[in-house]
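Q: First the structure, which I've put down as structure tokens, then a few questions once you've had a look.
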Amino acid sequence: SILILPKWLVVPEQYLDRIIIRLDPGCAFGTGSHPTTRLCLEALERNSPLSLTVADLGCGSGILSLAALKLGADEVFAVDIDSLAVTATKNNFLLNEVNLNRLNISQGSIDSLELIMKSKQTDLLICNILASTIKKLIPNFKNISKFHGKALLSGILLDQVPDLLTYLELFGWTNIETYENDGWALLEISRHRYSN
């Protein structure tokens, strides 16, 4: 139901019934064409984030934050370590005429996410970055996620999945489903207990 369009193209008439996301990706990752981004978009479509609070860790162009809001999320908290990505996300929100009051964005990593969330906790965490970076962040997921909250983790090669699942289990996360696309994986996980 989602159509990603470069900002300079007119929406083809046959796609007017779709959810349109206009993008000027600039220097930021996330045009919708990479398998990991597609996996995340498909996961958001399968399980609508309607009325949820969403966190986008490593937001890139803002494509996943935009999709979450256009699919009904209440608000999105987004961070990226790259200042160009933060600028691209803000610009893409303006391009899509999405209320900027529903987007809380900052440059940084998970510690910055905690700061802008101001003790709120997220129903859904989206993290589409490299598996090695995800692994370093996992111990802090509990600081921003509700008990029984969910997460979509992508940017993971198929052969990295078993190790990451074992590590996630140590911190109170259970795999609900693994999705694959062209050698990449997305883990849909749920927080099932408090970690030690």
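Labels used: A, B, ... for chains in the order of the structure tokens, numbers from 1 for residues in each chain, and numbers from 1 for ligands as shown.
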For the contact check between range 110-148 of chain A and range 154-169 of chain A, emit one row per residue of range 110-148 of chain A within 12 Å, containing the shortest atom pair and the distance in Å rounded to one decimal, counting only C-alpha atoms, chain then rising number order, as JSON lines.
A:
{"residue": "A:Leu125", "atom": "CA", "partner": "A:Ser154", "partner_atom": "CA", "distance": 11.2}
{"residue": "A:Ile126", "atom": "CA", "partner": "A:Ser154", "partner_atom": "CA", "distance": 8.2}
{"residue": "A:Cys127", "atom": "CA", "partner": "A:Ser154", "partner_atom": "CA", "distance": 6.3}
{"residue": "A:Asn128", "atom": "CA", "partner": "A:Ser154", "partner_atom": "CA", "distance": 4.5}
{"residue": "A:Ile129", "atom": "CA", "partner": "A:Gly155", "partner_atom": "CA", "distance": 4.8}
{"residue": "A:Leu130", "atom": "CA", "partner": "A:Gly155", "partner_atom": "CA", "distance": 4.9}
{"residue": "A:Ala131", "atom": "CA", "partner": "A:Ile156", "partner_atom": "CA", "distance": 5.0}
{"residue": "A:Ser132", "atom": "CA", "partner": "A:Ile156", "partner_atom": "CA", "distance": 8.7}
{"residue": "A:Thr133", "atom": "CA", "partner": "A:Gly155", "partner_atom": "CA", "distance": 9.7}
{"residue": "A:Ile134", "atom": "CA", "partner": "A:Leu164", "partner_atom": "CA", "distance": 8.7}
{"residue": "A:Lys135", "atom": "CA", "partner": "A:Leu164", "partner_atom": "CA", "distance": 6.9}
{"residue": "A:Lys136", "atom": "CA", "partner": "A:Tyr167", "partner_atom": "CA", "distance": 10.2}
{"residue": "A:Leu137", "atom": "CA", "partner": "A:Leu168", "partner_atom": "CA", "distance": 10.5}
{"residue": "A:Ile138", "atom": "CA", "partner": "A:Leu168", "partner_atom": "CA", "distance": 6.9}
{"residue": "A:Pro139", "atom": "CA", "partner": "A:Leu168", "partner_atom": "CA", "distance": 8.6}
{"residue": "A:Asn140", "atom": "CA", "partner": "A:Leu168", "partner_atom": "CA", "distance": 11.3}
{"residue": "A:Phe141", "atom": "CA", "partner": "A:Leu168", "partner_atom": "CA", "distance": 9.9}
{"residue": "A:Lys142", "atom": "CA", "partner": "A:Leu168", "partner_atom": "CA", "distance": 11.1}
Q: Would you write out those residues with N, CA and C atoms, as a CSV table (one decimal), in the first residue's frame?
A:
chain,number,residue,atom,x,y,z
A,125,LEU,N,10.1,-0.3,18.6
A,125,LEU,CA,11.4,0.2,18.2
A,125,LEU,C,11.8,-0.3,16.8
A,126,ILE,N,12.2,0.6,16.0
A,126,ILE,CA,12.7,0.2,14.6
A,126,ILE,C,14.2,0.5,14.6
A,127,CYS,N,15.0,-0.5,14.2
A,127,CYS,CA,16.4,-0.3,14.1
A,127,CYS,C,16.9,-1.0,12.9
A,128,ASN,N,17.2,-0.2,11.8
A,128,ASN,CA,17.7,-0.8,10.6
A,128,ASN,C,19.2,-0.3,10.4
A,129,ILE,N,20.1,-1.0,11.1
A,129,ILE,CA,21.5,-0.7,11.0
A,129,ILE,C,22.3,-2.0,11.0
A,130,LEU,N,23.6,-1.9,11.0
A,130,LEU,CA,24.4,-3.1,11.0
A,130,LEU,C,24.2,-4.0,12.2
A,131,ALA,N,24.3,-5.3,12.1
A,131,ALA,CA,24.1,-6.2,13.2
A,131,ALA,C,25.1,-6.0,14.3
A,132,SER,N,26.3,-5.7,14.0
A,132,SER,CA,27.4,-5.4,15.0
A,132,SER,C,27.0,-4.2,15.9
A,133,THR,N,26.4,-3.2,15.3
A,133,THR,CA,26.0,-2.0,16.0
A,133,THR,C,24.7,-2.4,16.8
A,134,ILE,N,23.8,-3.1,16.2
A,134,ILE,CA,22.6,-3.5,17.0
A,134,ILE,C,23.0,-4.3,18.2
A,135,LYS,N,24.0,-5.2,18.1
A,135,LYS,CA,24.4,-6.0,19.3
A,135,LYS,C,24.9,-5.1,20.4
A,136,LYS,N,25.6,-4.0,20.1
A,136,LYS,CA,26.1,-3.1,21.1
A,136,LYS,C,25.0,-2.4,21.8
A,137,LEU,N,23.9,-2.1,21.1
A,137,LEU,CA,22.8,-1.3,21.6
A,137,LEU,C,21.8,-2.2,22.4
A,138,ILE,N,21.7,-3.5,22.2
A,138,ILE,CA,20.7,-4.3,22.8
A,138,ILE,C,20.6,-4.1,24.3
A,139,PRO,N,21.7,-4.1,25.1
A,139,PRO,CA,21.5,-3.9,26.5
A,139,PRO,C,20.7,-2.7,26.9
A,140,ASN,N,20.7,-1.7,26.1
A,140,ASN,CA,20.0,-0.4,26.4
A,140,ASN,C,18.5,-0.4,25.9
A,141,PHE,N,18.2,-1.4,25.1
A,141,PHE,CA,16.8,-1.4,24.6
A,141,PHE,C,15.7,-1.3,25.7
A,142,LYS,N,16.0,-1.9,26.8
A,142,LYS,CA,15.1,-1.9,27.9
A,142,LYS,C,14.8,-0.6,28.5
Q: Residues of range 73-109 of chain A within 10 Å of range 41-58 of chain A: nearest atom pair and distance (Å, one decimal) for each, counting only C-alpha atoms, sorted by chain and number, as CSV?
A:
residue,atom,partner,partner_atom,distance
A:Ala73,CA,A:Ser51,CA,4.8
A:Asp74,CA,A:Ser51,CA,4.8
A:Glu75,CA,A:Thr53,CA,5.3
A:Val76,CA,A:Val54,CA,4.8
A:Phe77,CA,A:Ala55,CA,4.7
A:Ala78,CA,A:Asp56,CA,4.6
A:Val79,CA,A:Leu57,CA,5.4
A:Asp80,CA,A:Gly58,CA,4.4
A:Ile81,CA,A:Gly58,CA,7.1
A:Asp82,CA,A:Gly58,CA,8.6
A:Ala85,CA,A:Gly58,CA,8.6
A:Val86,CA,A:Gly58,CA,9.4
A:Arg102,CA,A:Thr53,CA,9.9
A:Leu103,CA,A:Val54,CA,9.8
A:Asn104,CA,A:Ala55,CA,9.3
A:Ile105,CA,A:Asp56,CA,9.3
A:Gln107,CA,A:Gly58,CA,9.4
A:Gly108,CA,A:Gly58,CA,8.6
A:Ser109,CA,A:Leu57,CA,7.0
Q: Write a file of the just-selected residues containing N, CA and C atoms, as a PDB file, in the first residue's frame.
A:
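File again.pdb, as written:
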ATOM      1  N   ALA A  73       0.813   5.768  13.457  1.00  0.00           N
ATOM      2  CA  ALA A  73       1.489   5.952  14.751  1.00  0.00           C
ATOM      3  C   ALA A  73       1.149   7.325  15.334  1.00  0.00           C
ATOM      4  N   ASP A  74       1.083   7.403  16.650  1.00  0.00           N
ATOM      5  CA  ASP A  74       0.792   8.674  17.317  1.00  0.00           C
ATOM      6  C   ASP A  74       1.952   9.645  17.207  1.00  0.00           C
ATOM      7  N   GLU A  75       3.149   9.146  17.528  1.00  0.00           N
ATOM      8  CA  GLU A  75       4.341   9.992  17.443  1.00  0.00           C
ATOM      9  C   GLU A  75       5.562   9.121  17.238  1.00  0.00           C
ATOM     10  N   VAL A  76       6.607   9.758  16.702  1.00  0.00           N
ATOM     11  CA  VAL A  76       7.859   9.056  16.432  1.00  0.00           C
ATOM     12  C   VAL A  76       9.010   9.823  17.057  1.00  0.00           C
ATOM     13  N   PHE A  77       9.876   9.086  17.719  1.00  0.00           N
ATOM     14  CA  PHE A  77      11.140   9.615  18.231  1.00  0.00           C
ATOM     15  C   PHE A  77      12.235   9.031  17.347  1.00  0.00           C
ATOM     16  N   ALA A  78      13.054   9.899  16.736  1.00  0.00           N
ATOM     17  CA  ALA A  78      14.041   9.431  15.768  1.00  0.00           C
ATOM     18  C   ALA A  78      15.416  10.019  16.078  1.00  0.00           C
ATOM     19  N   VAL A  79      16.444   9.196  15.900  1.00  0.00           N
ATOM     20  CA  VAL A  79      17.823   9.666  16.064  1.00  0.00           C
ATOM     21  C   VAL A  79      18.700   9.064  14.985  1.00  0.00           C
ATOM     22  N   ASP A  80      19.779   9.764  14.687  1.00  0.00           N
ATOM     23  CA  ASP A  80      20.811   9.242  13.797  1.00  0.00           C
ATOM     24  C   ASP A  80      22.116   9.915  14.198  1.00  0.00           C
ATOM     25  N   ILE A  81      23.217   9.183  14.103  1.00  0.00           N
ATOM     26  CA  ILE A  81      24.500   9.769  14.479  1.00  0.00           C
ATOM     27  C   ILE A  81      25.012  10.756  13.432  1.00  0.00           C
ATOM     28  N   ASP A  82      24.428  10.696  12.231  1.00  0.00           N
ATOM     29  CA  ASP A  82      24.855  11.543  11.115  1.00  0.00           C
ATOM     30  C   ASP A  82      23.986  12.798  11.035  1.00  0.00           C
ATOM     31  N   ALA A  85      21.743  13.000   8.026  1.00  0.00           N
ATOM     32  CA  ALA A  85      20.524  12.190   8.116  1.00  0.00           C
ATOM     33  C   ALA A  85      19.436  12.939   8.879  1.00  0.00           C
ATOM     34  N   VAL A  86      19.803  13.608   9.953  1.00  0.00           N
ATOM     35  CA  VAL A  86      18.831  14.380  10.733  1.00  0.00           C
ATOM     36  C   VAL A  86      18.214  15.475   9.863  1.00  0.00           C
ATOM     37  N   ARG A 102       4.634  15.771  15.564  1.00  0.00           N
ATOM     38  CA  ARG A 102       4.558  14.318  15.798  1.00  0.00           C
ATOM     39  C   ARG A 102       5.923  13.644  15.647  1.00  0.00           C
ATOM     40  N   LEU A 103       6.932  14.435  15.271  1.00  0.00           N
ATOM     41  CA  LEU A 103       8.289  13.930  15.115  1.00  0.00           C
ATOM     42  C   LEU A 103       9.211  14.603  16.123  1.00  0.00           C
ATOM     43  N   ASN A 104       9.904  13.801  16.891  1.00  0.00           N
ATOM     44  CA  ASN A 104      10.915  14.292  17.820  1.00  0.00           C
ATOM     45  C   ASN A 104      12.243  13.721  17.347  1.00  0.00           C
ATOM     46  N   ILE A 105      13.139  14.579  16.877  1.00  0.00           N
ATOM     47  CA  ILE A 105      14.369  14.086  16.266  1.00  0.00           C
ATOM     48  C   ILE A 105      15.589  14.757  16.873  1.00  0.00           C
ATOM     49  N   GLN A 107      20.222  14.393  16.885  1.00  0.00           N
ATOM     50  CA  GLN A 107      21.433  13.716  16.428  1.00  0.00           C
ATOM     51  C   GLN A 107      22.001  12.925  17.599  1.00  0.00           C
ATOM     52  N   GLY A 108      22.366  11.686  17.339  1.00  0.00           N
ATOM     53  CA  GLY A 108      22.959  10.857  18.384  1.00  0.00           C
ATOM     54  C   GLY A 108      22.521   9.414  18.248  1.00  0.00           C
ATOM     55  N   SER A 109      22.736   8.663  19.334  1.00  0.00           N
ATOM     56  CA  SER A 109      22.408   7.243  19.345  1.00  0.00           C
ATOM     57  C   SER A 109      21.327   6.989  20.396  1.00  0.00           C
TER      58      SER A 109
END
Q: Which residues, written as number ranges by chain, have at least one atom at most 9 Å from Glu180 in chain A, with only C-alpha atoms counted and residues fewer than 6 positions away on the same chain left out?
A: A: 35-36, 39, 158, 186
Q: Take CA of Lys118 in chain A and CA of Asn99 in chain A and report the distance between them in Å, one decimal.
A: 20.1 Å
Q: Using DSSP on the backbone coordinates, identify the residues of range 142-177 of chain A assigned to alpha helix (DSSP H); present them as a list in words.
A: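 Written out, the alpha helix (DSSP H) residues of range 142-177 of chain A are Val161, Pro162, Asp163, Leu164, Leu165, Thr166, Tyr167, Leu168, Glu169 and Leu170 of chain A.
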Q: Using only C-alpha atoms, can you tell me which of A:Ile4, A:Ile63, A:Asp111, A:Leu153 comes closest to Ala185 in chain A?
A: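 That would be A:Leu153, the residue with the smallest distance to Ala185 in chain A.
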Q: Need to verify the contact set: Asn175 in chain A, 8 Å, only C-alpha atoms, exclusion of same-chain residues closer than 3 positions in sequence. Can you return it as a PyMOL selection string?
A: chain A and resi 165+178+187-190
Q: Would you save the residues of that selection, restricted to N, CA, C and O atoms, as a tab-separated table (two decimals), in the first residue's frame?
A:
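And here's out35.tsv as it stands now:
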chain	number	residue	atom	x	y	z
A	165	LEU	N	20.05	-13.65	17.93
A	165	LEU	CA	18.90	-14.15	18.68
A	165	LEU	C	19.32	-14.67	20.05
A	165	LEU	O	18.62	-14.44	21.04
A	178	THR	N	11.10	-14.29	11.80
A	178	THR	CA	12.23	-13.83	11.00
A	178	THR	C	11.79	-13.77	9.54
A	178	THR	O	11.22	-14.73	9.03
A	187	LEU	N	14.28	-9.23	12.07
A	187	LEU	CA	13.78	-9.92	13.25
A	187	LEU	C	12.65	-9.10	13.86
A	187	LEU	O	12.84	-7.93	14.18
A	188	GLU	N	11.50	-9.73	14.00
A	188	GLU	CA	10.40	-9.11	14.74
A	188	GLU	C	10.44	-9.73	16.13
A	188	GLU	O	10.20	-10.93	16.30
A	189	ILE	N	10.75	-8.92	17.13
A	189	ILE	CA	10.98	-9.44	18.48
A	189	ILE	C	10.06	-8.76	19.48
A	189	ILE	O	9.52	-7.69	19.24
A	190	SER	N	9.89	-9.42	20.62
A	190	SER	CA	9.05	-8.89	21.69
A	190	SER	C	9.80	-9.00	23.01
A	190	SER	O	10.50	-9.98	23.27
Q: I need the residue nearest Asn92 in chain A from this list: A:Ser1, A:Arg18, A:Trp184, A:Ser61. Use only C-alpha atoms for the distance.
A: A:Ser61
Q: Name the closest residue to Thr87 in chain A among the candidates A:Met117, A:Ile176, A:Cys59, A:Ala67; distances are taken between atoms, counting only C-alpha atoms.
A: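 Smallest distance to Thr87 in chain A is found for A:Cys59.
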Q: At a cut-off of 8 Å, using only C-alpha atoms, what residues contact range 144-147 of chain A? Leave out same-chain residues fewer than 2 positions from it and give the result as a VMD selection string.
A: chain A and resid 113 to 114 117 119 to 125 140 to 142 149 to 150 191 to 194
Q: Would you please work out which residue, of A:Asp17, A:Ser112, A:Ala68, A:Lys7, is nearest to Cys40 in chain A when using only C-alpha atoms?
A: A:Ala68
Q: Would you compute the distance between CA of Ser65 in chain A and CA of Phe93 in chain A? Give it in Å to one decimal.
A: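 Going from CA of Ser65 in chain A over to CA of Phe93 in chain A, I get 9.0 Å.
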Q: Identify, on the basis of only C-alpha atoms, every residue whose closest approach to Asp24 in chain A does not exceed 9 Å; exclude the query and any residue fewer than 5 positions from it along the same chain; express the result as a PyMOL selection string.
A: chain A and resi 5-8+31+61+88+91-92+95
